[in-house]
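Raw target.csv, CSV, C-alpha atoms:
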chain,number,residue,atom,x,y,z
W,76,ALA,CA,0.0,0.0,0.0
W,77,ASN,CA,2.9,2.4,0.8
W,78,ARG,CA,4.5,1.7,-2.6
W,79,ILE,CA,1.3,2.4,-4.4
W,80,ARG,CA,0.9,5.7,-2.5
W,81,ILE,CA,4.5,6.6,-3.4
W,82,LEU,CA,3.9,5.8,-7.1
W,83,VAL,CA,0.7,7.8,-7.2
W,84,ASP,CA,2.3,10.8,-5.4
W,85,ARG,CA,5.2,10.7,-7.9
W,86,MET,CA,2.9,10.5,-10.9
W,87,THR,CA,0.9,13.5,-9.8
W,88,GLY,CA,3.8,15.5,-8.5
W,89,VAL,CA,2.2,15.7,-5.0
W,90,SER,CA,5.3,14.2,-3.4
W,91,GLU,CA,7.2,17.3,-4.3
W,92,PHE,CA,5.0,19.5,-2.2
W,93,GLN,CA,4.3,17.3,0.8
W,94,PRO,CA,5.5,19.1,3.9
W,95,ASN,CA,6.7,15.8,5.5
W,96,ASN,CA,8.9,14.6,2.7
W,97,SER,CA,12.7,14.5,2.8
W,98,LEU,CA,13.4,17.1,0.1
W,99,GLY,CA,13.4,20.2,2.3
W,100,LYS,CA,11.7,23.5,1.8
W,101,ASN,CA,14.5,25.2,-0.1
W,102,TYR,CA,15.1,22.3,-2.5
W,103,LYS,CA,11.4,22.1,-3.3
W,104,LYS,CA,11.4,25.8,-4.2
W,105,PHE,CA,14.6,25.3,-6.3
W,106,ALA,CA,13.1,22.2,-8.1
W,107,ASP,CA,9.9,24.0,-8.8
W,108,ALA,CA,11.7,27.0,-10.3
W,109,VAL,CA,14.1,24.9,-12.4
W,110,MET,CA,11.4,22.7,-13.8
W,111,GLY,CA,9.2,25.7,-14.6
W,112,PHE,CA,12.1,27.6,-16.2
W,113,GLU,CA,13.2,24.6,-18.3
W,114,THR,CA,9.7,23.8,-19.5
W,115,THR,CA,9.1,27.5,-20.4
W,116,THR,CA,12.4,27.8,-22.4
W,117,LYS,CA,12.3,24.4,-24.0
W,118,ILE,CA,8.7,24.7,-25.2
W,119,ALA,CA,8.4,28.4,-26.1
W,120,GLY,CA,12.0,29.2,-26.6
W,121,GLY,CA,13.1,25.9,-28.2
W,122,GLN,CA,12.1,23.7,-31.1
W,123,ALA,CA,9.8,21.3,-29.1
W,124,THR,CA,6.6,22.7,-30.6
W,125,LEU,CA,7.8,22.1,-34.2
W,126,ALA,CA,8.9,18.6,-33.4
W,127,ASN,CA,5.7,17.8,-31.6
W,128,ALA,CA,3.7,18.9,-34.7
W,129,PHE,CA,5.1,15.9,-36.6
W,130,GLN,CA,5.4,13.4,-33.8
W,131,ALA,CA,2.4,11.4,-35.0
W,132,MET,CA,4.5,10.2,-38.0
W,133,TYR,CA,6.8,8.4,-35.6
W,134,SER,CA,4.3,7.2,-33.0
W,135,ILE,CA,0.9,6.7,-34.6
W,136,LEU,CA,1.4,5.9,-38.2
W,137,PRO,CA,4.0,3.0,-37.9
W,138,GLY,CA,1.9,0.9,-35.6
W,139,ALA,CA,-1.6,1.6,-36.8
W,140,GLY,CA,-0.8,1.9,-40.5
W,141,TYR,CA,-1.5,4.4,-43.3
W,142,TRP,CA,-5.2,3.6,-43.8
W,143,ASN,CA,-6.3,3.8,-40.2
W,144,SER,CA,-4.2,6.9,-39.5
W,145,THR,CA,-5.6,8.7,-42.6
W,146,ARG,CA,-9.2,7.8,-41.6
W,147,GLY,CA,-8.5,8.8,-38.1
W,148,LEU,CA,-7.3,12.2,-39.3
W,149,ALA,CA,-10.1,12.7,-41.7
W,150,SER,CA,-12.8,11.8,-39.1
W,151,LEU,CA,-11.6,14.7,-36.9
W,152,LEU,CA,-13.3,17.1,-39.4
W,153,ASP,CA,-16.7,15.8,-38.1
W,154,LYS,CA,-17.5,17.8,-34.9
W,155,GLU,CA,-20.0,15.2,-33.7
W,156,PHE,CA,-17.4,12.5,-34.0
W,157,ARG,CA,-14.8,14.5,-32.1
W,158,ASN,CA,-17.3,15.2,-29.3
W,159,ASN,CA,-18.2,11.6,-28.9
W,160,LEU,CA,-14.7,10.2,-29.3
W,161,PRO,CA,-13.4,8.5,-26.1
W,162,THR,CA,-10.0,10.2,-25.7
W,163,MET,CA,-7.6,11.0,-22.9
W,164,HIS,CA,-5.8,14.3,-22.8
W,165,LYS,CA,-3.3,15.6,-20.2
W,166,GLU,CA,-1.9,19.1,-20.3
W,167,ALA,CA,1.7,19.3,-21.3
W,168,VAL,CA,2.8,21.2,-18.3
W,169,ALA,CA,1.1,18.9,-15.9
W,170,GLU,CA,2.7,16.0,-17.7
W,171,VAL,CA,6.2,17.3,-17.2
W,172,LEU,CA,5.9,19.1,-13.9
W,173,GLY,CA,3.2,17.0,-12.1
W,174,GLU,CA,-0.4,17.8,-11.4
W,175,ALA,CA,0.1,19.2,-8.0
W,176,THR,CA,-0.9,22.9,-8.1
W,177,SER,CA,1.7,25.5,-7.7
W,178,THR,CA,1.5,29.3,-7.7
W,179,SER,CA,5.2,29.9,-8.5
W,180,PHE,CA,6.1,32.4,-11.2
W,181,TRP,CA,7.8,29.8,-13.4
W,182,ARG,CA,5.0,27.4,-13.1
W,183,LYS,CA,2.6,30.0,-14.4
W,184,MET,CA,5.1,31.0,-17.1
W,185,ALA,CA,5.4,27.4,-18.2
W,186,GLU,CA,1.6,27.1,-18.6
W,187,LYS,CA,1.4,30.4,-20.5
W,188,SER,CA,4.4,29.5,-22.8
W,189,ALA,CA,2.9,26.1,-23.7
W,190,LYS,CA,-0.4,27.9,-24.7
W,191,TRP,CA,1.3,30.8,-26.4
W,192,SER,CA,3.7,28.6,-28.5
W,193,GLY,CA,0.9,26.4,-29.7
W,194,PHE,CA,2.3,23.4,-27.9
W,195,THR,CA,-0.8,22.8,-25.8
W,196,ASN,CA,-3.1,22.8,-28.9
W,197,ILE,CA,-0.8,20.6,-30.9
W,198,ASN,CA,-0.7,18.2,-27.9
W,199,LYS,CA,-4.5,18.1,-27.8
W,200,PHE,CA,-4.7,17.5,-31.6
W,201,ASN,CA,-2.2,14.7,-31.4
W,202,ASN,CA,-4.3,13.0,-28.7
W,203,LEU,CA,-7.4,13.3,-30.7
W,204,TRP,CA,-5.7,11.9,-33.8
W,205,ALA,CA,-4.3,9.0,-31.8
W,206,SER,CA,-7.7,8.3,-30.3
W,207,SER,CA,-9.5,8.5,-33.6
W,208,THR,CA,-6.9,6.3,-35.3
W,209,ALA,CA,-7.3,3.7,-32.5
W,210,TYR,CA,-11.1,3.8,-32.8
W,211,HIS,CA,-11.0,3.1,-36.6
W,212,ALA,CA,-8.3,0.4,-36.3
W,213,ILE,CA,-10.2,-1.5,-33.7
W,214,GLN,CA,-13.4,-1.4,-35.7
W,215,ASP,CA,-11.4,-2.5,-38.8
W,216,PHE,CA,-9.6,-5.4,-37.0
W,217,THR,CA,-12.8,-6.7,-35.3
W,218,LYS,CA,-14.6,-6.8,-38.7
W,219,ILE,CA,-11.7,-8.7,-40.3
W,220,ILE,CA,-11.6,-11.2,-37.4
W,221,ASP,CA,-15.3,-11.7,-37.4
W,222,THR,CA,-15.4,-12.3,-41.2
W,223,ASN,CA,-12.2,-14.4,-41.8
W,224,PRO,CA,-10.7,-15.4,-38.5
W,225,ASN,CA,-8.5,-18.2,-39.9
W,226,SER,CA,-7.1,-16.3,-42.9
W,227,ILE,CA,-3.6,-14.8,-42.8
W,228,THR,CA,-5.3,-11.3,-42.7
W,229,GLY,CA,-7.6,-12.4,-39.8
W,230,ARG,CA,-4.7,-13.9,-37.8
W,231,ARG,CA,-2.6,-10.8,-38.3
W,232,ALA,CA,-5.6,-8.6,-37.3
W,233,LYS,CA,-6.0,-10.6,-34.1
W,234,ALA,CA,-2.3,-10.4,-33.2
W,235,ARG,CA,-2.2,-6.6,-33.9
W,236,MET,CA,-5.3,-6.1,-31.7
W,237,LYS,CA,-3.4,-7.7,-28.8
W,238,ASN,CA,-0.1,-5.9,-29.5
W,239,LEU,CA,-1.5,-2.4,-30.1
W,240,PHE,CA,-4.6,-2.3,-28.0
W,241,GLU,CA,-4.2,-5.1,-25.4
W,242,ILE,CA,-7.4,-6.8,-26.5
W,243,ASP,CA,-7.6,-10.6,-26.9
W,244,TYR,CA,-10.4,-10.6,-29.4
W,245,LYS,CA,-12.2,-13.8,-30.5
W,246,SER,CA,-14.4,-14.0,-33.6
W,247,GLY,CA,-18.0,-13.0,-32.9
W,248,MET,CA,-17.4,-12.0,-29.2
W,249,GLY,CA,-18.2,-8.3,-29.8
W,250,LEU,CA,-16.7,-5.4,-28.0
W,251,SER,CA,-18.5,-3.3,-25.3
W,252,GLU,CA,-18.3,0.5,-25.4
W,253,ASP,CA,-16.4,0.6,-22.1
W,254,LYS,CA,-13.8,-1.8,-23.4
W,255,LEU,CA,-13.5,0.1,-26.7
W,256,ALA,CA,-13.1,3.4,-24.8
W,257,LEU,CA,-10.4,1.9,-22.5
W,258,ALA,CA,-8.4,0.5,-25.5
W,259,VAL,CA,-8.6,3.9,-27.3
W,260,ALA,CA,-7.5,5.8,-24.2
W,261,LYS,CA,-4.6,3.4,-23.7
W,262,PHE,CA,-3.4,3.7,-27.3
W,263,ALA,CA,-3.5,7.5,-27.0
W,264,LYS,CA,-1.6,7.4,-23.7
W,265,LYS,CA,1.1,5.1,-25.2
W,266,THR,CA,1.6,6.8,-28.5
W,267,GLN,CA,1.7,10.3,-26.9
W,268,LEU,CA,4.4,9.2,-24.5
W,269,HIS,CA,2.4,10.0,-21.4
W,270,VAL,CA,3.7,9.1,-17.9
W,271,ASP,CA,3.3,5.3,-17.3
W,272,LEU,CA,5.0,4.4,-14.0
W,273,LEU,CA,4.6,0.7,-14.5
W,274,ASN,CA,6.4,0.7,-17.8
W,275,GLU,CA,9.3,3.1,-17.3
W,276,PRO,CA,12.2,3.5,-14.8
W,277,ILE,CA,11.0,4.8,-11.5
W,278,ALA,CA,13.9,7.3,-11.4
W,279,PHE,CA,12.0,9.3,-14.0
W,280,SER,CA,9.5,10.3,-11.3
W,281,ASN,CA,11.9,10.6,-8.4
W,282,PRO,CA,11.3,14.1,-6.9
W,283,LYS,CA,15.0,14.5,-6.1
W,284,LEU,CA,16.1,13.7,-9.7
W,285,ARG,CA,13.1,15.1,-11.5
W,286,PRO,CA,14.5,18.6,-12.2
W,287,PHE,CA,17.5,17.1,-14.0
W,288,ILE,CA,15.9,14.3,-16.0
W,289,MET,CA,12.4,15.7,-16.6
W,290,PHE,CA,12.8,15.7,-20.4
W,291,LYS,CA,14.8,12.4,-20.5
W,292,ARG,CA,11.5,10.4,-20.4
W,293,PHE,CA,10.9,11.3,-24.1
W,294,ALA,CA,14.4,10.1,-25.0
W,295,PHE,CA,13.6,6.8,-23.4
W,296,LYS,CA,10.0,6.3,-24.5
W,297,GLN,CA,10.1,7.4,-28.2
W,298,PRO,CA,12.7,4.8,-29.3
W,299,ALA,CA,11.2,2.2,-26.9
W,300,LEU,CA,7.8,2.6,-28.6
W,301,LEU,CA,9.2,2.5,-32.1
W,302,THR,CA,11.3,-0.6,-31.3
W,303,LYS,CA,8.3,-2.4,-29.8
W,304,ASN,CA,6.1,-1.7,-32.8
W,305,ILE,CA,8.8,-3.0,-35.2
W,306,LYS,CA,9.4,-6.1,-33.1
W,307,ASP,CA,5.7,-6.9,-32.7
W,308,GLU,CA,4.9,-6.7,-36.4
W,309,LEU,CA,8.1,-8.0,-37.9
W,310,PHE,CA,8.2,-11.1,-35.7
W,311,MET,CA,4.4,-11.5,-35.3
W,312,ARG,CA,3.1,-15.0,-34.5
W,313,ASP,CA,-0.5,-16.4,-34.3
W,314,GLU,CA,-2.0,-18.3,-31.4
W,315,LYS,CA,-0.4,-21.5,-32.6
W,316,GLY,CA,3.0,-20.0,-32.8
W,317,LYS,CA,3.1,-19.9,-36.6
W,318,TYR,CA,5.0,-16.9,-38.0
W,319,ILE,CA,2.7,-14.3,-39.6
W,320,GLY,CA,5.0,-11.3,-39.4
W,321,SER,CA,5.2,-8.5,-42.0
W,322,PRO,CA,8.1,-6.3,-43.1
W,323,MET,CA,5.7,-3.4,-44.0
W,324,ILE,CA,6.4,-1.8,-40.6
W,325,LEU,CA,9.9,-1.0,-41.7
W,326,PHE,CA,8.5,0.8,-44.8
W,327,ARG,CA,6.0,2.8,-42.7
W,328,VAL,CA,8.8,3.8,-40.2
W,329,ALA,CA,11.1,4.9,-43.0
W,330,THR,CA,8.5,6.9,-45.0
W,331,GLY,CA,6.9,8.4,-41.9
W,332,GLY,CA,10.3,9.5,-40.6
W,333,MET,CA,11.3,10.9,-44.0
W,334,VAL,CA,8.1,13.0,-44.3
W,335,ALA,CA,8.2,14.2,-40.7
W,336,SER,CA,11.9,15.0,-40.8
W,337,SER,CA,11.6,16.9,-44.1
W,338,ALA,CA,8.6,18.9,-42.9
W,339,TYR,CA,10.3,19.6,-39.6
W,340,GLN,CA,13.5,20.9,-41.4
W,341,TYR,CA,11.4,23.1,-43.7
W,342,ALA,CA,9.5,24.6,-40.8
W,343,LYS,CA,12.6,25.0,-38.7
W,344,GLY,CA,14.5,26.6,-41.6
W,345,ASN,CA,11.8,29.2,-42.2
W,346,LEU,CA,11.6,30.0,-38.5
W,347,THR,CA,15.4,30.3,-38.1
W,348,GLU,CA,15.7,32.6,-41.1
W,349,LEU,CA,12.9,34.8,-39.7
W,350,LEU,CA,14.6,35.1,-36.3
W,351,SER,CA,18.3,35.2,-37.3
W,352,GLY,CA,18.0,37.1,-40.6
W,353,LYS,CA,20.4,34.6,-42.3
W,354,LYS,CA,19.9,31.6,-44.6
W,355,TYR,CA,19.4,28.3,-42.8
W,356,GLU,CA,21.6,25.5,-43.8
W,357,PRO,CA,20.8,22.2,-42.0
W,358,LYS,CA,24.0,20.3,-41.1
W,359,GLU,CA,22.3,16.9,-40.8
W,360,ASP,CA,18.9,15.2,-40.8
W,361,GLU,CA,18.1,15.8,-37.1
W,362,GLY,CA,14.5,14.6,-37.1
W,363,MET,CA,12.9,13.9,-33.7
W,364,LYS,CA,16.1,14.1,-31.7
W,365,ASN,CA,15.5,17.9,-31.6
W,366,PHE,CA,12.4,17.2,-29.6
W,367,ILE,CA,14.6,15.9,-26.8
W,368,GLU,CA,16.7,18.8,-25.7
W,369,ASN,CA,19.2,18.7,-22.9
W,370,MET,CA,18.0,20.7,-19.9
W,371,ALA,CA,19.5,21.6,-16.5
W,372,ALA,CA,23.1,20.1,-16.9
W,373,GLY,CA,23.6,21.8,-20.3
W,374,ASP,CA,22.2,25.1,-19.0
W,375,ILE,CA,24.4,25.1,-16.0
W,376,ASP,CA,27.4,24.7,-18.3
W,377,ARG,CA,26.2,27.6,-20.5
W,378,ALA,CA,25.7,29.8,-17.4
W,379,ILE,CA,29.3,29.1,-16.3
W,380,ASP,CA,30.5,29.9,-19.8
W,381,SER,CA,28.6,33.1,-19.7
W,382,PHE,CA,30.1,34.2,-16.4
W,383,SER,CA,33.6,33.3,-17.6
W,384,GLU,CA,33.0,35.3,-20.8
W,385,LEU,CA,31.9,38.3,-18.7
W,386,SER,CA,35.0,38.1,-16.6
W,387,ARG,CA,37.4,37.8,-19.6
W,388,SER,CA,35.6,40.7,-21.4
W,389,VAL,CA,35.7,43.0,-18.4
W,390,ASP,CA,39.5,42.3,-18.1
W,391,THR,CA,39.9,43.1,-21.8
W,392,PHE,CA,37.3,45.9,-22.5
W,393,GLY,CA,36.3,47.1,-19.1
W,394,PHE,CA,32.8,46.9,-17.7
W,395,ASN,CA,30.7,48.3,-20.5
W,396,SER,CA,28.1,47.3,-23.1
W,397,ILE,CA,30.6,45.2,-25.1
W,398,SER,CA,31.3,42.9,-22.1
W,399,VAL,CA,27.6,42.6,-21.3
W,400,ARG,CA,26.7,41.8,-24.9
W,401,ARG,CA,29.4,39.1,-25.2
W,402,ALA,CA,28.2,37.5,-22.0
W,403,ALA,CA,24.5,37.7,-22.9
W,404,TYR,CA,25.2,36.1,-26.3
W,405,LYS,CA,27.0,33.2,-24.5
W,406,ALA,CA,24.0,32.7,-22.2
W,407,SER,CA,21.3,33.0,-24.8
W,408,PRO,CA,21.0,29.3,-25.6
W,409,ILE,CA,19.7,28.8,-22.0
W,410,LEU,CA,16.4,30.5,-23.1
W,411,GLY,CA,16.1,28.2,-26.1
W,412,THR,CA,16.9,28.0,-29.8
W,413,LYS,CA,14.8,31.0,-30.8
W,414,ALA,CA,16.5,33.2,-28.2
W,415,LYS,CA,19.9,32.0,-29.5
W,416,HIS,CA,19.1,33.0,-33.1
W,417,LEU,CA,17.8,36.4,-32.0
W,418,ALA,CA,20.9,37.0,-29.8
W,419,ARG,CA,23.2,36.1,-32.7
W,420,ARG,CA,21.4,38.7,-34.9
W,421,PHE,CA,20.9,41.6,-32.4
W,422,ILE,CA,23.2,41.1,-29.4
W,423,ALA,CA,26.4,39.4,-30.5
W,424,THR,CA,29.3,41.7,-31.2
W,425,GLU,CA,30.9,41.8,-34.6
W,426,ALA,CA,33.8,39.8,-33.3
W,427,GLN,CA,31.5,37.1,-32.1
W,428,LYS,CA,29.7,37.0,-35.4
W,429,ARG,CA,32.9,36.7,-37.3
W,430,SER,CA,34.0,33.9,-34.9
W,431,ALA,CA,30.7,32.0,-35.4
W,432,GLN,CA,31.0,32.4,-39.1
W,433,ALA,CA,34.6,31.1,-39.1
W,434,SER,CA,33.5,28.1,-37.0
W,435,SER,CA,30.7,27.4,-39.4
W,436,LYS,CA,33.2,27.6,-42.4
W,437,GLY,CA,35.6,25.3,-40.5
W,438,ARG,CA,32.9,22.7,-40.0
W,439,ARG,CA,31.9,22.9,-43.7
W,440,ARG,CA,35.6,22.5,-44.8
W,441,LYS,CA,35.8,19.4,-42.6
W,442,GLU,CA,32.7,17.9,-44.1
W,443,VAL,CA,34.1,18.6,-47.6
W,444,HIS,CA,37.4,17.0,-46.7
W,445,GLU,CA,35.6,13.9,-45.3
W,446,LEU,CA,33.6,13.6,-48.5
W,447,LEU,CA,36.7,13.9,-50.7
W,448,ILE,CA,38.6,11.3,-48.6
W,449,ALA,CA,35.6,9.0,-49.0
W,450,GLY,CA,35.8,9.5,-52.8
W,451,ASN,CA,32.7,11.5,-53.2
W,452,SER,CA,33.4,14.5,-55.4
W,453,SER,CA,29.8,15.4,-56.2
W,454,LEU,CA,29.5,18.3,-53.7
Can I see the file as structure tokens?
Amino acid sequence: ANRIRILVDRMTGVSEFQPNNSLGKNYKKFADAVMGFETTTKIAGGQATLANAFQAMYSILPGAGYWNSTRGLASLLDKEFRNNLPTMHKEAVAEVLGEATSTSFWRKMAEKSAKWSGFTNINKFNNLWASSTAYHAIQDFTKIIDTNPNSITGRRAKARMKNLFEIDYKSGMGLSEDKLALAVAKFAKKTQLHVDLLNEPIAFSNPKLRPFIMFKRFAFKQPALLTKNIKDELFMRDEKGKYIGSPMILFRVATGGMVASSAYQYAKGNLTELLSGKKYEPKEDEGMKNFIENMAAGDIDRAIDSFSELSRSVDTFGFNSISVRRAAYKASPILGTKAKHLARRFIATEAQKRSAQASSKGRRRKEVHELLIAGNSSL
């Protein structure tokens, strides 16, 4: 009973605000401020919103397939269908910070930034899409199983019902509305990477560690979900143990990833050019890894670099606007990628701009040399 209480407290975030816990009053204030600040800067000031807009191509489409995902998306145009759809949505800020209420400045800023940046609405839409897709997939699979339970299509449908929706469906058994609603909600929770304490390391919800690993859950759950979907379909077996797997999951993963990554890079490029005033040149196909940004540890390093830069600049130029600008530019990535681009355009000194340009040219020369060494002359 005590373990269950601890799990529930950690899931909701209540344990961070209990007066009798072992964290201490000052640490709780520090943790609350850090998590609120990181959520604010990584959502409104980073690229998380853009990546979240294309997340369905990695989480929904590979498992449920093109047909059901497309039908699920199209059905959302019907207002009556949306209103009657059994779905489960959790606010992005509550998901990351816990549901326990807090009146702290950064908690309020995190909630506002999620709404202002569009992250909250995109999150709601993704949940609706996942729920709608699950609804159509379950209806489709049950129809196939009821019609041709012993065919290869019927056996695959039965196996996919169990793998995707945790339903052990038998031909002709029917499906109650409650069971359908539960399966739809579970699929939405799983594909949207919501907190699931029974299927993730308990350290992710440890109040003492939470400020430093709060975004690491996504780094763990996204590849874990993708790996499970591939394994379940590629090595699928029926009730008798006969192999009925399909390699189509690999094609869906590849095409979904390609579309999402291309769309993400296009949107990111336009936003970067708007903020920085310079042409965006992607160095690599970054895809969803941009959704998982380093938080506290990296920001602490940047803060230290900023203070070091301020100290060096004051020694060289004296305490004036140049020293402050140089230090502010160094610290700008703490506030997110958008802030970094704006700082490069409006705050960085001419010397820092030249240095950044020289570094960029150096990386490009290195890439060219590596291509030439590999025998690729088509640059």
| request: Find the residues near W:Gln427: any atom within 10 Å, counting all atoms listed in the file, skip ones fewer than 3 places away on the same chain, and give them as a list of chain:residue names. | output: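 The residues satisfying every condition are W:Arg400, W:Arg401, W:Tyr404, W:Lys405, W:Arg419, W:Ile422, W:Ala423, W:Thr424, W:Ser430, W:Ala431, W:Gln432, W:Ala433.
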| With all atoms listed in the file as the atoms that count, which of W:Lys245, W:Phe129, W:Leu160, W:Tyr318 lies nearest to W:Asn223? |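 For W:Asn223, the nearest of the candidates is W:Lys245.
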| What does the distance between atom CA of W:Glu252 and atom CA of W:Leu136 come to in Å, to one decimal place? |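 About the pair atom CA of W:Glu252 and atom CA of W:Leu136: they are 24.1 Å apart.
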| said: If we draw a sphere of 9 Å around (-8.0, 15.0, -29.3), which residues have at least one atom in it when counting only C-alpha atoms? Please report them as an MDAnalysis selection string. | reply: chainID W and resid 151 157 160 162:164 198:207
| Quick one, how far is atom CA of W:Ser188 from atom CA of W:His269? | 19.7 Å
| task | Would you work out the distance separating atom CA of W:Arg230 from atom CA of W:Leu309, expressed in Å to one decimal? | result |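 Separation of atom CA of W:Arg230 and atom CA of W:Leu309: 14.1 Å.
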| From the list W:Ala189, W:Ile319, W:Ala256, W:Ala128, which residue is nearest W:Thr228 when using all atoms listed in the file? |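 Using all atoms listed in the file, W:Thr228 sits closest to W:Ile319.
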| Smallest atom-to-atom distance to W:Lys103: which of W:Ser179, W:Asn225, W:Ser407, W:Thr195, using all atoms listed in the file? |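 Closest to W:Lys103 of all the choices is W:Ser179.
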| Quick one: of W:Arg439, W:Arg182, W:Arg327, W:Lys415, who's nearest to W:Glu113, counting only C-alpha atoms? |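 Smallest separation from W:Glu113 among the options: W:Arg182.
Using only C-alpha atoms, the nearest neighbour of W:Phe262 within the list W:Leu300, W:Leu417, W:Ile227, W:Gly331 is W:Leu300.
Residues lying within 8 Å of W:His211, counting only C-alpha atoms and ignoring same-chain neighbours fewer than 2 positions away, are W:Asn143, W:Arg146, W:Gly147, W:Ser207, W:Thr208, W:Ala209, W:Ile213, W:Gln214, W:Asp215.
Distances here use all atoms listed in the file; by that measure, the residue among W:Tyr210, W:Met110, W:Met132, W:Phe310 closest to W:Leu257 is W:Tyr210.
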Name the residues in contact with W:Phe112 at a cut-off of 9 Å, using only C-alpha atoms, excluding same-chain residues fewer than 6 positions from it; report them as a PDB file with C-alpha atoms, in the coordinates of the input.
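Final file, out_33.pdb:
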ATOM      1  CA  TRP W 181       7.800  29.800 -13.400  1.00  0.00           C
ATOM      2  CA  ARG W 182       5.000  27.400 -13.100  1.00  0.00           C
ATOM      3  CA  MET W 184       5.100  31.000 -17.100  1.00  0.00           C
ATOM      4  CA  ALA W 185       5.400  27.400 -18.200  1.00  0.00           C
ATOM      5  CA  LEU W 410      16.400  30.500 -23.100  1.00  0.00           C
TER       6      LEU W 410
END
